[in-house]
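Only one structure is covered here, and it is reproduced in the block below.
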Amino acid sequence: MMETFDKKNMEAVMQRIDASHSPGPVSLNHLEPPIFRLPAELLQEIFLLIVNAMPDCPSIFSFGNKTMSANFSSPPLLFTRVCRLWRVVAHSTTGIWSCINVELPGYAIKLLEPFLPSLLQFWLALSGSRPLTLRIQHHFFPAIICKCSRGRVRSFPQADRQLLEILFAEKGRWETVVGASRICADEDIFVTHQFITPQLRTLECLWSDVGRFHAPDLCRLLIINSWLDQIHFIPAITCRNIRHLHLLSASANVIHCTSAIFPHLKTIAVNSILTLDVVAQNTSSPTTHSCLESMTLPIHGDLIDVFRGSHFPVLQKLTFIMGEQEQDINIVMAALAATASCNVKVIDLQMVDEVDVDVDIIKPLFSVVAEVTVRGQVICSGLATSEGKGN
């Protein structure tokens with residue numbers, strides 16, 4: 001069991017940080033750089049701006065050649081190494097500690113240095129009661145751990161388990177979790193647990209792990225299965241309030257099923273539409289996506305099956321990832337013609353290559369929508385032009 005991280009543990013971590021780098025006392029004489037004389041409140045705002053401007057969650061650990069250490073070279077831990085004043089201010093700014101990227105060492109590190117899990121507990125303690133944003137990655141081996149025939153993970157790395165237990169203890173504060181299936185992978189520990197996550201709003205995981213979460217307020221879901229051709233169960237409590245869905249790879253049947261599984265779904269994005277055999281393609285019936293306002297899809301031969309016979313009563317925008325222009329436009333027109341009803345207002349074309357769009361090729365789209373955009377930029381409407389000539 002994980003030990004409680006109390007004041008004594010926190011003091012031990014701080015002493016370890018002091019031992020590794022001991023800055024001198026803050027001097028307020030005229031030689032001191034002005035930044036060291038900033039009010040604590042202004043320093044807090046600066047720290048928050050720096051951390052929030054980072055492209056990803058700040059990493060707590062850094063790695064060398066099969067080595068693992070604390071990442072004091074980047075914020076927010078970097079702030080604690082400048083001077084004692086900055087350290088005090090950083091420790092009191094809970095917002096810079098509420099987002100964290102934890103890279104798991106895997107089999108490269110057999111036993112963690114005791115300071116590292118204590119540092120993780122220390123980091124989480126500094127975030128106070130704030131909701132947490134977690135990004136969980138593997139550093140030394142592939143992200144999704146292979147499972148044996150019985151479904152159990154073979155000799156799950158002890159170092160990973162030690163870190164995941166610390167994160168799991170804070171599940172009540174999870175707001176955003178990317179890489180959640182890394183936690184679910186250790187079935188020896190978590191197979192009997194359901195993740196009670198009342199604050200969870202955004203989740204990235206495998207479809208098979210969605211049911212592990214009791215998250216009634218979840219509104220954004222990213223499913224990372226590389227081949228999702230059917231759905232075997234419906235975790236109703238977790239799925240009932242999903243508004244935004246992103247599928248890494250899915251069949252037309254799965255996309256059809258989203259209308260029933262996610263009754264309030266407003267947006268859906270799919271990176272890749274699977275090509276299935278004819279029997280598999282025809283196993284789903286036409287559906288009505290009553291709340292869907294936006295779809296982002298690759299232009300693929302099976303795109304037509306996504307739209308075939310379905311109703312999209314409130315669809316406002318379709319975004320297509322486009323390659324071969326003329327061929328892709330023909331597929332889009334065929335897909336829209338296959339719908340039972342679709343009143344889409346805008347089609348946006350996101351080009352795979354940075355090439356100019358041939359307006360003559362996309363003219364057929366103006367017969368079904370009022371506006372066509374390319375990478376968000378409005379293209380002059382051929383429909384509007386022809387109407388103007390008629391007047």
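Chain labels follow the order of the structure tokens: the first chain is A, the next B, and so on; residue numbering restarts at 1 in every chain, and ligands are counted from 1 in their shown order.
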Kindly assemble as CSV a list of the stretch 176-291 of chain A residues that lie within 9 Å of stretch 308-327 of chain A, each paired with its nearest atom pair and their distance in Å to one decimal, using only C-alpha atoms, sorted first by chain and then by ascending residue number.
residue,atom,partner,partner_atom,distance
A:His256,CA,A:Ser310,CA,8.3
A:Lys266,CA,A:Leu315,CA,8.8
A:Ala269,CA,A:Thr319,CA,8.9
A:Asn271,CA,A:Ile321,CA,8.8
A:Ser285,CA,A:Gly309,CA,8.1
A:Pro286,CA,A:Ser310,CA,4.8
A:Thr287,CA,A:Ser310,CA,4.9
A:Thr288,CA,A:His311,CA,4.5
A:His289,CA,A:Phe312,CA,5.4
A:Ser290,CA,A:Pro313,CA,6.2
A:Cys291,CA,A:Val314,CA,6.4
Please produce an output containing all heavy atoms for each residue in the selection, written as a compact mmCIF listing (two decimals), in the first residue's frame.
# COMPACT_ATOMS: atom_id res chain seq x y z
N HIS A 256 -21.98 4.75 -36.92
CA HIS A 256 -23.45 4.72 -36.81
C HIS A 256 -23.88 4.53 -35.37
O HIS A 256 -24.83 5.16 -34.90
CB HIS A 256 -24.02 3.59 -37.66
CG HIS A 256 -23.92 3.82 -39.13
ND1 HIS A 256 -24.10 2.82 -40.06
CD2 HIS A 256 -23.65 4.95 -39.85
CE1 HIS A 256 -23.95 3.32 -41.28
NE2 HIS A 256 -23.67 4.60 -41.17
N LYS A 266 -22.25 16.15 -30.03
CA LYS A 266 -22.29 17.32 -30.90
C LYS A 266 -21.22 17.30 -31.98
O LYS A 266 -21.44 17.81 -33.08
CB LYS A 266 -22.13 18.60 -30.06
CG LYS A 266 -23.32 18.92 -29.18
CD LYS A 266 -23.15 20.27 -28.50
CE LYS A 266 -24.39 20.66 -27.71
NZ LYS A 266 -24.25 22.00 -27.08
N ALA A 269 -14.88 13.32 -34.63
CA ALA A 269 -13.73 13.35 -35.54
C ALA A 269 -13.17 11.94 -35.65
O ALA A 269 -13.04 11.24 -34.63
CB ALA A 269 -12.67 14.31 -35.03
N ASN A 271 -9.96 9.74 -37.48
CA ASN A 271 -8.70 9.81 -38.24
C ASN A 271 -8.69 8.87 -39.44
O ASN A 271 -8.17 9.21 -40.50
CB ASN A 271 -7.52 9.48 -37.33
CG ASN A 271 -7.21 10.59 -36.35
OD1 ASN A 271 -8.07 11.42 -36.04
ND2 ASN A 271 -5.99 10.63 -35.84
N SER A 285 -28.10 -0.56 -39.22
CA SER A 285 -29.22 0.07 -39.91
C SER A 285 -29.03 1.58 -39.91
O SER A 285 -28.26 2.12 -39.12
CB SER A 285 -30.53 -0.29 -39.21
OG SER A 285 -30.48 0.10 -37.84
N PRO A 286 -29.72 2.29 -40.79
CA PRO A 286 -29.62 3.74 -40.82
C PRO A 286 -29.98 4.36 -39.47
O PRO A 286 -30.84 3.85 -38.75
CB PRO A 286 -30.63 4.13 -41.90
CG PRO A 286 -30.72 2.94 -42.78
CD PRO A 286 -30.57 1.76 -41.86
N THR A 287 -29.34 5.46 -39.14
CA THR A 287 -29.52 6.08 -37.83
C THR A 287 -29.79 7.56 -37.98
O THR A 287 -29.56 8.17 -39.03
CB THR A 287 -28.27 5.88 -36.96
OG1 THR A 287 -27.13 6.39 -37.67
CG2 THR A 287 -28.05 4.42 -36.64
N THR A 288 -30.27 8.15 -36.87
CA THR A 288 -30.48 9.59 -36.81
C THR A 288 -29.55 10.18 -35.77
O THR A 288 -29.60 9.81 -34.59
CB THR A 288 -31.94 9.91 -36.43
OG1 THR A 288 -32.81 9.39 -37.44
CG2 THR A 288 -32.14 11.40 -36.31
N HIS A 289 -28.69 11.08 -36.20
CA HIS A 289 -27.77 11.76 -35.30
C HIS A 289 -28.41 13.09 -34.91
O HIS A 289 -28.15 14.13 -35.51
CB HIS A 289 -26.42 11.97 -36.00
CG HIS A 289 -25.77 10.69 -36.43
ND1 HIS A 289 -24.81 10.05 -35.69
CD2 HIS A 289 -25.94 9.93 -37.54
CE1 HIS A 289 -24.41 8.95 -36.32
NE2 HIS A 289 -25.09 8.86 -37.45
N SER A 290 -29.25 13.04 -33.90
CA SER A 290 -30.16 14.15 -33.62
C SER A 290 -29.48 15.40 -33.09
O SER A 290 -30.03 16.50 -33.23
CB SER A 290 -31.23 13.69 -32.62
OG SER A 290 -30.64 13.22 -31.43
N CYS A 291 -28.30 15.28 -32.48
CA CYS A 291 -27.62 16.45 -31.89
C CYS A 291 -26.33 16.80 -32.60
O CYS A 291 -25.69 17.80 -32.25
CB CYS A 291 -27.34 16.21 -30.41
SG CYS A 291 -28.81 15.99 -29.39
### Task
Using DSSP on the backbone coordinates, identify the residues of stretch 91-300 of chain A assigned to helix (DSSP H, G or I); present them as an MDAnalysis selection string.
chainID A and resid 91 94:97 106:108 115:126 158:168 171:173 181:184 187:190 207:210 236:239 252:261 278:281
### Query
Counting only C-alpha atoms, what is within 8 Å of A:Pro76, bar same-chain residues fewer than 2 positions away, as a ChimeraX atom specification?
/A:47,51,58,74,78-80,90,96-97
#### Entry: Near-A:Val177 list (10 Å; only C-alpha atoms; drop same-chain fewer than 5 positions) as a list of chain:residue names
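Surrounding residues, per the criterion: A:Leu132, A:Thr133, A:Leu134, A:Arg135, A:Ile136, A:Lys171, A:Leu200, A:Arg201, A:Thr202, A:Leu203, A:Glu204, A:Cys205, A:Leu221.
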Just to be explicit: take each residue in the selection above, keep N, CA, C and O atoms, and write the result as a PDB file, in the first residue's frame.
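Result went into result-v3.pdb, see below:
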ATOM      1  N   LEU A 132      -6.937  17.841 -11.574  1.00  0.00           N
ATOM      2  CA  LEU A 132      -5.653  17.470 -12.163  1.00  0.00           C
ATOM      3  C   LEU A 132      -5.770  17.152 -13.657  1.00  0.00           C
ATOM      4  O   LEU A 132      -6.738  16.523 -14.089  1.00  0.00           O
ATOM      5  N   THR A 133      -4.762  17.576 -14.404  1.00  0.00           N
ATOM      6  CA  THR A 133      -4.591  17.170 -15.788  1.00  0.00           C
ATOM      7  C   THR A 133      -3.373  16.266 -15.855  1.00  0.00           C
ATOM      8  O   THR A 133      -2.263  16.691 -15.519  1.00  0.00           O
ATOM      9  N   LEU A 134      -3.569  15.014 -16.271  1.00  0.00           N
ATOM     10  CA  LEU A 134      -2.499  14.018 -16.293  1.00  0.00           C
ATOM     11  C   LEU A 134      -2.240  13.556 -17.724  1.00  0.00           C
ATOM     12  O   LEU A 134      -3.178  13.299 -18.479  1.00  0.00           O
ATOM     13  N   ARG A 135      -0.950  13.446 -18.052  1.00  0.00           N
ATOM     14  CA  ARG A 135      -0.548  12.792 -19.294  1.00  0.00           C
ATOM     15  C   ARG A 135       0.409  11.677 -18.909  1.00  0.00           C
ATOM     16  O   ARG A 135       1.444  11.929 -18.284  1.00  0.00           O
ATOM     17  N   ILE A 136       0.059  10.449 -19.270  1.00  0.00           N
ATOM     18  CA  ILE A 136       0.838   9.282 -18.872  1.00  0.00           C
ATOM     19  C   ILE A 136       1.429   8.646 -20.120  1.00  0.00           C
ATOM     20  O   ILE A 136       0.706   8.295 -21.061  1.00  0.00           O
ATOM     21  N   LYS A 171      -7.378   9.864  -7.938  1.00  0.00           N
ATOM     22  CA  LYS A 171      -8.374   9.743  -9.014  1.00  0.00           C
ATOM     23  C   LYS A 171      -9.592  10.635  -8.806  1.00  0.00           C
ATOM     24  O   LYS A 171     -10.248  11.026  -9.769  1.00  0.00           O
ATOM     25  N   LEU A 200     -13.875  14.074 -13.716  1.00  0.00           N
ATOM     26  CA  LEU A 200     -13.281  13.799 -15.028  1.00  0.00           C
ATOM     27  C   LEU A 200     -14.140  14.378 -16.150  1.00  0.00           C
ATOM     28  O   LEU A 200     -15.333  14.098 -16.253  1.00  0.00           O
ATOM     29  N   ARG A 201     -13.481  15.182 -17.010  1.00  0.00           N
ATOM     30  CA  ARG A 201     -14.172  15.821 -18.123  1.00  0.00           C
ATOM     31  C   ARG A 201     -13.625  15.401 -19.493  1.00  0.00           C
ATOM     32  O   ARG A 201     -14.353  15.384 -20.473  1.00  0.00           O
ATOM     33  N   THR A 202     -12.331  15.053 -19.531  1.00  0.00           N
ATOM     34  CA  THR A 202     -11.686  14.671 -20.784  1.00  0.00           C
ATOM     35  C   THR A 202     -10.878  13.401 -20.555  1.00  0.00           C
ATOM     36  O   THR A 202     -10.126  13.311 -19.579  1.00  0.00           O
ATOM     37  N   LEU A 203     -11.036  12.418 -21.466  1.00  0.00           N
ATOM     38  CA  LEU A 203     -10.397  11.118 -21.279  1.00  0.00           C
ATOM     39  C   LEU A 203      -9.878  10.588 -22.605  1.00  0.00           C
ATOM     40  O   LEU A 203     -10.589  10.634 -23.621  1.00  0.00           O
ATOM     41  N   GLU A 204      -8.650  10.059 -22.594  1.00  0.00           N
ATOM     42  CA  GLU A 204      -8.090   9.321 -23.721  1.00  0.00           C
ATOM     43  C   GLU A 204      -7.784   7.910 -23.261  1.00  0.00           C
ATOM     44  O   GLU A 204      -7.063   7.715 -22.285  1.00  0.00           O
ATOM     45  N   CYS A 205      -8.348   6.903 -23.953  1.00  0.00           N
ATOM     46  CA  CYS A 205      -8.104   5.515 -23.555  1.00  0.00           C
ATOM     47  C   CYS A 205      -8.562   4.575 -24.667  1.00  0.00           C
ATOM     48  O   CYS A 205      -9.099   5.010 -25.687  1.00  0.00           O
ATOM     49  N   LEU A 221     -14.106  12.562 -25.206  1.00  0.00           N
ATOM     50  CA  LEU A 221     -13.568  11.203 -25.197  1.00  0.00           C
ATOM     51  C   LEU A 221     -12.768  10.958 -26.468  1.00  0.00           C
ATOM     52  O   LEU A 221     -13.254  11.181 -27.579  1.00  0.00           O
TER      53      LEU A 221
END
### Spatial neighbours of A:His91, 10 Å, only C-alpha atoms, chain gap at least 2 places, as a ChimeraX atom specification
/A:44,76-77,79-80,85-89,93-97,122-123,125-127
### Query
Which polymer residues have any atom within 6 Å of an atom of A:Asn71, counting only C-alpha atoms, with same-chain residues fewer than 6 positions away left out, as a VMD selection string?
chain A and resid 60 to 62
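For the pair atom CA of A:Leu104 and atom CA of A:Asp160, the separation is 5.4 Å.
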#### Entry: Atom-to-atom span, atom CA of A:Asp353 and atom CA of A:Leu303, Å
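Value for the atom CA of A:Asp353-atom CA of A:Leu303 distance: 20.1 Å.
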### Query
Looking at A:Thr267, A:Gln350, A:Thr373, A:Gln121, which one is nearest to A:Ala12, with distances taken over only C-alpha atoms?
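Selected residue with least distance to A:Ala12: A:Gln121.
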#### Entry: strand (DSSP E) per DSSP on the backbone: members of stretch 192-301 of chain A, as number ranges by chain
A: 195-196, 202-205, 213-214, 220-223, 244-250, 267-273, 294-298
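The coordinates place atom CA of A:Pro75 at 18.4 Å from atom CA of A:Leu38.
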### Query
Which of these residues is nearest to A:Trp227, using only C-alpha atoms: A:Ser249, A:Ser367, A:Thr197, A:Ser208?
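Once distances to A:Trp227 are computed over only C-alpha atoms, the minimum belongs to A:Ser249.
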